[in-house]
$ cat final13.cif   # mmCIF, C-alpha atoms and all ligand atoms
data_my_file
loop_
_atom_site.label_atom_id
_atom_site.label_comp_id
_atom_site.auth_asym_id
_atom_site.auth_seq_id
_atom_site.Cartn_x
_atom_site.Cartn_y
_atom_site.Cartn_z
CA MET P 22 26.67 -9.02 -1.08
CA THR P 23 25.46 -8.16 -4.57
CA ARG P 24 23.00 -5.36 -5.18
CA ALA P 25 20.35 -7.95 -6.10
CA SER P 26 20.77 -9.83 -2.82
CA VAL P 27 20.60 -6.56 -0.85
CA ALA P 28 17.41 -5.74 -2.69
CA THR P 29 15.70 -9.11 -2.20
CA SER P 30 16.25 -8.97 1.56
CA LEU P 31 15.04 -5.36 1.96
CA ARG P 32 12.25 -4.73 4.44
CA LEU P 33 10.52 -1.63 3.24
CA ILE P 34 7.41 0.36 4.08
CA LEU P 35 5.71 2.27 1.26
CA PHE P 36 3.93 5.02 3.10
CA GLY P 37 1.50 7.65 1.87
CA PRO P 38 -2.13 8.71 1.59
CA PRO P 39 -4.69 6.76 -0.43
CA GLY P 40 -4.09 7.50 -4.11
CA ALA P 41 -0.40 8.40 -3.67
CA GLY P 42 0.59 5.59 -6.04
CA LYS P 43 1.87 3.07 -3.49
CA GLY P 44 0.21 0.16 -5.31
CA THR P 45 1.64 1.18 -8.68
CA GLN P 46 5.14 1.64 -7.25
CA ALA P 47 4.85 -1.65 -5.39
CA GLN P 48 4.09 -3.51 -8.65
CA MET P 49 7.21 -1.99 -10.24
CA LEU P 50 9.46 -2.57 -7.23
CA LYS P 51 8.28 -6.16 -6.93
CA GLU P 52 9.69 -6.84 -10.39
CA GLN P 53 12.79 -4.67 -9.96
CA LEU P 54 13.81 -5.91 -6.51
CA GLY P 55 12.18 -9.33 -6.20
CA VAL P 56 10.65 -8.55 -2.80
CA GLU P 57 7.19 -9.62 -1.68
CA HIS P 58 4.37 -7.08 -1.76
CA VAL P 59 2.15 -7.16 1.33
CA SER P 60 -0.83 -4.83 0.99
CA SER P 61 -3.23 -4.76 3.94
CA GLY P 62 -6.00 -3.38 1.69
CA ASP P 63 -5.50 -6.25 -0.81
CA LEU P 64 -5.59 -8.78 2.05
CA PHE P 65 -8.90 -7.32 3.25
CA ARG P 66 -10.30 -7.27 -0.31
CA HIS P 67 -9.30 -10.93 -0.69
CA HIS P 68 -11.26 -11.75 2.49
CA LEU P 69 -14.20 -9.70 1.22
CA SER P 70 -14.36 -11.49 -2.12
CA ASN P 71 -14.08 -14.88 -0.40
CA GLY P 72 -16.88 -13.98 2.02
CA THR P 73 -14.82 -14.83 5.12
CA GLU P 74 -15.83 -13.75 8.63
CA LEU P 75 -12.94 -11.28 8.64
CA GLY P 76 -14.10 -9.89 5.29
CA GLU P 77 -17.63 -9.38 6.64
CA LEU P 78 -16.24 -7.63 9.71
CA ALA P 79 -14.02 -5.37 7.58
CA ARG P 80 -16.68 -4.50 4.97
CA GLY P 81 -18.49 -1.73 6.88
CA TYR P 82 -15.26 -0.02 7.95
CA MET P 83 -13.83 -0.21 4.45
CA ASN P 84 -16.94 1.07 2.68
CA ARG P 85 -17.00 4.21 4.78
CA GLY P 86 -13.25 4.72 4.60
CA ALA P 87 -12.59 4.03 8.30
CA LEU P 88 -9.74 1.93 9.70
CA VAL P 89 -10.53 -1.70 10.46
CA PRO P 90 -9.84 -2.28 14.20
CA ASP P 91 -6.24 -3.02 15.16
CA GLU P 92 -7.13 -6.32 16.88
CA VAL P 93 -7.86 -7.96 13.54
CA THR P 94 -5.66 -5.88 11.22
CA ILE P 95 -2.39 -6.40 13.08
CA GLU P 96 -2.84 -10.16 13.32
CA MET P 97 -3.79 -10.46 9.64
CA VAL P 98 -0.74 -8.52 8.42
CA LEU P 99 1.77 -10.03 10.84
CA ASP P 100 0.58 -13.55 9.93
CA ARG P 101 1.21 -12.77 6.27
CA VAL P 102 4.65 -11.30 6.97
CA GLY P 103 5.46 -14.31 9.18
CA SER P 104 4.52 -16.70 6.37
CA LEU P 105 7.08 -15.27 3.91
CA PRO P 106 10.16 -17.38 3.15
CA SER P 107 12.83 -16.62 5.75
CA GLY P 108 15.33 -13.98 4.69
CA ARG P 109 13.01 -12.77 1.94
CA GLY P 110 12.43 -9.01 1.92
CA PHE P 111 9.03 -7.40 1.74
CA MET P 112 7.27 -4.15 0.97
CA LEU P 113 4.42 -3.18 3.24
CA ASP P 114 1.76 -1.05 1.57
CA GLY P 115 -1.11 0.37 3.66
CA PHE P 116 0.35 -0.85 6.96
CA PRO P 117 1.08 0.51 9.54
CA ARG P 118 -1.72 3.10 9.53
CA ASN P 119 -1.44 4.27 13.14
CA THR P 120 1.31 4.31 15.77
CA ASN P 121 -0.13 1.28 17.58
CA GLN P 122 0.30 -0.77 14.39
CA ALA P 123 3.83 0.62 13.90
CA ARG P 124 4.82 -0.48 17.41
CA ALA P 125 3.26 -3.93 16.98
CA LEU P 126 5.19 -4.38 13.72
CA ASN P 127 8.42 -3.27 15.34
CA ASP P 128 7.94 -5.68 18.28
CA ALA P 129 7.07 -8.62 16.02
CA LEU P 130 10.12 -8.05 13.81
CA LEU P 131 12.41 -7.63 16.82
CA GLN P 132 11.32 -11.07 18.05
CA GLN P 133 12.76 -12.44 14.79
CA SER P 134 15.87 -10.22 15.14
CA GLN P 135 14.62 -8.21 12.16
CA ARG P 136 13.83 -4.57 11.57
CA ILE P 137 12.41 -2.26 8.95
CA ASP P 138 15.25 -0.96 6.74
CA ARG P 139 13.55 2.04 5.14
CA VAL P 140 10.26 3.93 5.07
CA VAL P 141 9.50 5.73 1.81
CA HIS P 142 6.83 8.39 2.15
CA ILE P 143 5.19 9.35 -1.15
CA SER P 144 3.44 12.68 -0.60
CA VAL P 145 0.73 14.11 -2.86
CA PRO P 146 -1.57 17.12 -2.25
CA ASP P 147 -5.18 16.31 -1.30
CA ASP P 148 -6.76 17.87 -4.41
CA GLU P 149 -4.62 15.65 -6.66
CA LEU P 150 -5.48 12.58 -4.52
CA ILE P 151 -9.21 13.29 -4.90
CA ARG P 152 -8.79 13.63 -8.67
CA ARG P 153 -6.83 10.39 -8.90
CA LEU P 154 -9.13 8.32 -6.68
CA SER P 155 -12.26 9.36 -8.52
CA ASN P 156 -10.64 8.19 -11.79
CA ARG P 157 -9.20 4.97 -10.40
CA TYR P 158 -10.24 1.47 -11.50
CA ILE P 159 -8.83 -1.84 -10.29
CA CYS P 160 -8.46 -5.34 -11.68
CA ARG P 161 -10.62 -7.59 -9.47
CA LYS P 162 -8.12 -10.41 -9.87
CA CYS P 163 -4.59 -8.94 -9.55
CA GLN P 164 -5.50 -5.49 -8.09
CA LYS P 165 -3.53 -3.64 -10.79
CA PRO P 166 -4.74 0.00 -10.92
CA PHE P 167 -6.03 1.62 -14.14
CA THR P 168 -7.39 5.05 -15.09
CA ARG P 169 -9.97 6.19 -17.62
CA ASN P 170 -8.77 6.49 -21.20
CA PRO P 171 -8.20 10.26 -21.68
CA ALA P 172 -9.74 10.19 -25.19
CA SER P 173 -12.88 8.10 -24.56
CA GLY P 174 -13.28 8.86 -20.83
CA GLU P 175 -13.90 5.12 -20.33
CA PRO P 176 -11.94 2.72 -18.12
CA PRO P 177 -10.44 -0.39 -19.80
CA ARG P 178 -12.74 -3.44 -19.73
CA ASN P 179 -10.13 -6.08 -18.99
CA CYS P 180 -6.76 -6.32 -17.31
CA ASP P 181 -3.82 -6.60 -19.72
CA ASP P 182 -1.74 -8.43 -17.09
CA CYS P 183 -4.21 -11.25 -16.38
CA ALA P 184 -4.14 -14.14 -18.86
CA ASP P 185 -7.94 -14.49 -18.78
CA GLY P 186 -8.48 -10.70 -18.80
CA GLY P 187 -9.45 -9.89 -15.20
CA ASP P 188 -12.53 -7.76 -14.77
CA ILE P 189 -11.99 -4.00 -14.04
CA TYR P 190 -14.12 -2.28 -11.39
CA GLN P 191 -14.29 0.88 -9.27
CA ARG P 192 -13.77 0.31 -5.54
CA ASP P 193 -16.75 1.00 -3.23
CA ASP P 194 -14.47 3.19 -1.12
CA ASP P 195 -13.45 5.39 -4.07
CA THR P 196 -16.82 7.21 -3.82
CA PRO P 197 -16.60 10.94 -2.90
CA ASP P 198 -17.84 10.50 0.73
CA ALA P 199 -15.56 7.56 1.44
CA VAL P 200 -12.58 9.33 -0.17
CA ALA P 201 -13.16 12.43 2.00
CA ASN P 202 -13.28 10.23 5.09
CA ARG P 203 -10.15 8.29 4.08
CA LEU P 204 -8.20 11.54 3.71
CA THR P 205 -9.38 12.79 7.12
CA VAL P 206 -8.40 9.46 8.70
CA TYR P 207 -5.03 9.65 6.94
CA HIS P 208 -4.23 13.12 8.28
CA GLU P 209 -5.50 12.43 11.80
CA GLU P 210 -4.42 8.85 12.46
CA THR P 211 -1.88 7.75 9.86
CA ALA P 212 0.33 10.80 9.23
CA PRO P 213 1.56 10.82 12.89
CA VAL P 214 3.28 7.48 12.13
CA LEU P 215 5.76 9.53 10.08
CA ASP P 216 7.16 11.01 13.31
CA TYR P 217 7.73 7.51 14.65
CA TYR P 218 9.90 6.57 11.65
CA ARG P 219 11.53 10.01 11.37
CA ASP P 220 12.68 9.64 14.98
CA ALA P 221 14.06 6.21 14.10
CA GLY P 222 16.05 7.79 11.22
CA LEU P 223 14.33 5.57 8.63
CA LEU P 224 12.22 8.07 6.70
CA ASP P 225 12.63 9.33 3.12
CA ASN P 226 10.15 11.85 1.67
CA ILE P 227 9.42 11.68 -2.05
CA PRO P 228 7.10 14.05 -3.92
CA GLY P 229 4.52 11.81 -5.61
CA ASP P 230 2.99 14.48 -7.83
CA ALA P 231 5.15 13.43 -10.78
CA SER P 232 5.25 10.71 -13.43
CA VAL P 233 5.18 7.08 -12.31
CA GLU P 234 8.68 6.62 -13.76
CA SER P 235 10.24 9.57 -11.97
CA VAL P 236 8.67 8.57 -8.64
CA ASN P 237 10.07 5.08 -9.21
CA ARG P 238 13.56 6.54 -9.84
CA ALA P 239 13.30 8.63 -6.69
CA VAL P 240 12.28 5.58 -4.64
CA LEU P 241 15.21 3.53 -5.98
CA ASP P 242 17.57 6.44 -5.28
CA ALA P 243 16.25 6.71 -1.72
CA LEU P 244 16.99 3.01 -1.28
CA GLY P 245 20.50 3.47 -2.65
CA LEU P 246 19.57 1.25 -5.62
CA THR P 247 19.83 3.16 -8.86
CA ALA P 248 17.40 2.63 -11.71
CA GLU P 249 19.66 -0.08 -13.23
CA VAL P 250 18.23 -2.77 -10.90
P1 LIG C 1 -6.19 0.54 0.95
O1 LIG C 1 -6.37 -0.42 -0.17
O2 LIG C 1 -4.81 0.49 1.55
O3 LIG C 1 -6.62 1.94 0.60
O4 LIG C 1 -7.17 0.03 2.12
C1 LIG C 1 -8.56 -0.05 1.92
C2 LIG C 1 -9.26 -0.07 3.26
O5 LIG C 1 -8.87 -1.24 4.00
C3 LIG C 1 -8.94 1.10 4.19
O6 LIG C 1 -9.71 2.25 3.90
C4 LIG C 1 -9.30 0.49 5.54
O7 LIG C 1 -10.71 0.41 5.73
C5 LIG C 1 -8.79 -0.94 5.38
N1 LIG C 1 -7.37 -1.03 5.79
C6 LIG C 1 -6.31 -1.28 4.99
N2 LIG C 1 -5.17 -1.27 5.70
C7 LIG C 1 -5.52 -0.99 6.98
C8 LIG C 1 -4.77 -0.83 8.17
N3 LIG C 1 -3.43 -0.92 8.20
N4 LIG C 1 -5.47 -0.56 9.31
C9 LIG C 1 -6.81 -0.48 9.31
N5 LIG C 1 -7.57 -0.59 8.20
C10 LIG C 1 -6.94 -0.85 7.04
#

$ encode --input "final13.cif" --output "structure tokens" --more "lines below"
Ligand code: AMP
Amino acid sequence: MTRASVATSLRLILFGPPGAGKGTQAQMLKEQLGVEHVSSGDLFRHHLSNGTELGELARGYMNRGALVPDEVTIEMVLDRVGSLPSGRGFMLDGFPRNTNQARALNDALLQQSQRIDRVVHISVPDDELIRRLSNRYICRKCQKPFTRNPASGEPPRNCDDCADGGDIYQRDDDTPDAVANRLTVYHEETAPVLDYYRDAGLLDNIPGDASVESVNRAVLDALGLTAEV
């Protein structure tokens, strides 16, 4: 098997607190490895902007930084994973967020004789996460993250990746109260999932308080795929 074919069939979890840079790394890895990016937060935001019943249900939980109940979240994510072309690898971002979700994912993959290959945990101290989230802006169309321009203090107006210049906005759950709640939920409910994957021998820890490029190199190294991919 070539390195490219190993990469395109990889089933990876990008794990970490909100603001760790999972979305940014996922965008890079998608291009480098050719795997699908499945972000539970993006799926919910898609439902929200389309005004679906699921979006309306999720809205209140999302705005206060709480987890959307497992009954709807697990089905939404597993349906998306199940709809990917067979044999195609994927990167999960934002899922699983508690051990119940991790077990449900494991069981669903086992039914297809599949398993998660690697879990990459990007860790960042809380004070840095708070700083990043309060400066974070997102393209409404493609979800690419942006920050304020250091000189003007202003966020960009349009997305440079979207042909028609997608509109840039600040997420409702990047407000100080919601951010504080998201970090509490992360430490109490999500961080214990790390033990589940550590016990399974799948976990790599990567310090995320570094440049985007060096985190990307560390992720590729952890996957045994050097930066040449
Ligand atoms: P994210 O974009 O990953 O920060 O997710 C935004 C919000 O969507 C979270 O704060 C939750 O309200 C909801 N959400 C995303 N993924 C999950 C998940 N795996 N379980 C429950 N809620 C989730």

$ closest_residue --input "final13.cif" --among "P:Asn156, P:Gln132, P:Asn237, P:Thr120" --to "P:Thr211" --atoms "all atoms listed in the file"
P:Thr120

$ atom_distance --input "final13.cif" --atom1 "atom CA of P:Ser134" --atom2 "atom CA of P:Leu54"
22.2 Å

$ atom_distance --input "final13.cif" --atom1 "atom CA of P:Ile137" --atom2 "atom O6 of ligand LIG 1 (chain C)"
23.1 Å

$ closest_residue --input "final13.cif" --among "P:His68, P:Val200, P:His208, P:Arg169" --to "P:Arg80" --atoms "all atoms listed in the file"
P:His68

$ residues_around --input "final13.cif" --residues "stretch 143-146 of chain P" --least-positions-apart "5" --cutoff "9 Å" --atoms "only C-alpha atoms" --output "JSON, numbers by chain"
{"P": [35, 36, 37, 38, 40, 41, 42, 43, 151, 225, 226, 227, 228, 229, 230, 236, 240]}

$ closest_residue --input "final13.cif" --among "P:Asp216, P:Glu92, P:Asp148, P:Asp188" --to "ligand LIG 1 (chain C)" --atoms "all atoms listed in the file"
P:Glu92

$ closest_atom_pairs --input "final13.cif" --of "chain P" --to "ligand LIG 1 (chain C)" --cutoff "9 Å" --atoms "only C-alpha atoms and all ligand atoms" --output "Markdown table"
| residue | atom | partner | partner_atom | distance |
| --- | --- | --- | --- | --- |
| P:Pro38 | CA | C:LIG1 | O3 | 8.2 |
| P:Pro39 | CA | C:LIG1 | O3 | 5.3 |
| P:Gly40 | CA | C:LIG1 | O3 | 7.7 |
| P:Lys43 | CA | C:LIG1 | O2 | 8.8 |
| P:Gly44 | CA | C:LIG1 | O1 | 8.4 |
| P:Ser60 | CA | C:LIG1 | O2 | 6.7 |
| P:Ser61 | CA | C:LIG1 | N2 | 4.4 |
| P:Gly62 | CA | C:LIG1 | O1 | 3.5 |
| P:Asp63 | CA | C:LIG1 | O1 | 5.9 |
| P:Leu64 | CA | C:LIG1 | C6 | 8.1 |
| P:Phe65 | CA | C:LIG1 | O5 | 6.1 |
| P:Arg66 | CA | C:LIG1 | O5 | 7.5 |
| P:Ala79 | CA | C:LIG1 | O7 | 6.9 |
| P:Arg80 | CA | C:LIG1 | O7 | 7.8 |
| P:Gly81 | CA | C:LIG1 | O7 | 8.2 |
| P:Tyr82 | CA | C:LIG1 | O7 | 5.1 |
| P:Met83 | CA | C:LIG1 | O7 | 3.4 |
| P:Asn84 | CA | C:LIG1 | O7 | 7.0 |
| P:Arg85 | CA | C:LIG1 | O7 | 7.4 |
| P:Gly86 | CA | C:LIG1 | O6 | 4.4 |
| P:Ala87 | CA | C:LIG1 | O7 | 4.8 |
| P:Leu88 | CA | C:LIG1 | N5 | 3.6 |
| P:Val89 | CA | C:LIG1 | N5 | 3.9 |
| P:Pro90 | CA | C:LIG1 | C9 | 6.0 |
| P:Asp91 | CA | C:LIG1 | N4 | 6.4 |
| P:Val93 | CA | C:LIG1 | C9 | 8.7 |
| P:Thr94 | CA | C:LIG1 | N4 | 5.7 |
| P:Ile95 | CA | C:LIG1 | N3 | 7.4 |
| P:Val98 | CA | C:LIG1 | N3 | 8.1 |
| P:Asp114 | CA | C:LIG1 | O2 | 6.7 |
| P:Gly115 | CA | C:LIG1 | O2 | 4.3 |
| P:Phe116 | CA | C:LIG1 | N3 | 4.0 |
| P:Pro117 | CA | C:LIG1 | N3 | 4.9 |
| P:Arg118 | CA | C:LIG1 | N3 | 4.6 |
| P:Asn119 | CA | C:LIG1 | N4 | 7.4 |
| P:Gln122 | CA | C:LIG1 | N3 | 7.2 |
| P:Asp194 | CA | C:LIG1 | O6 | 7.0 |
| P:Asp195 | CA | C:LIG1 | O3 | 9.0 |
| P:Ala199 | CA | C:LIG1 | O6 | 8.3 |
| P:Val200 | CA | C:LIG1 | O6 | 8.7 |
| P:Asn202 | CA | C:LIG1 | O6 | 8.8 |
| P:Arg203 | CA | C:LIG1 | O6 | 6.1 |
| P:Val206 | CA | C:LIG1 | O6 | 8.8 |
| P:Thr211 | CA | C:LIG1 | N3 | 9.0 |

$ closest_atom_pairs --input "final13.cif" --of "stretch 132-159 of chain P" --to "stretch 176-179 of chain P" --cutoff "10 Å" --atoms "only C-alpha atoms" --output "JSON lines"
{"residue": "P:Asn156", "atom": "CA", "partner": "P:Pro176", "partner_atom": "CA", "distance": 8.5}
{"residue": "P:Arg157", "atom": "CA", "partner": "P:Pro176", "partner_atom": "CA", "distance": 8.5}
{"residue": "P:Tyr158", "atom": "CA", "partner": "P:Pro176", "partner_atom": "CA", "distance": 6.9}
{"residue": "P:Ile159", "atom": "CA", "partner": "P:Pro176", "partner_atom": "CA", "distance": 9.6}

$ atom_distance --input "final13.cif" --atom1 "atom CA of P:Gln135" --atom2 "atom CA of P:Leu241"
21.6 Å

$ closest_residue --input "final13.cif" --among "P:Leu99, P:Met112, P:Leu69, P:Val59" --to "P:Val141" --atoms "all atoms listed in the file"
P:Met112

$ closest_residue --input "final13.cif" --among "P:Arg139, P:Arg219, P:Arg161, P:Arg109" --to "P:Arg192" --atoms "only C-alpha atoms"
P:Arg161
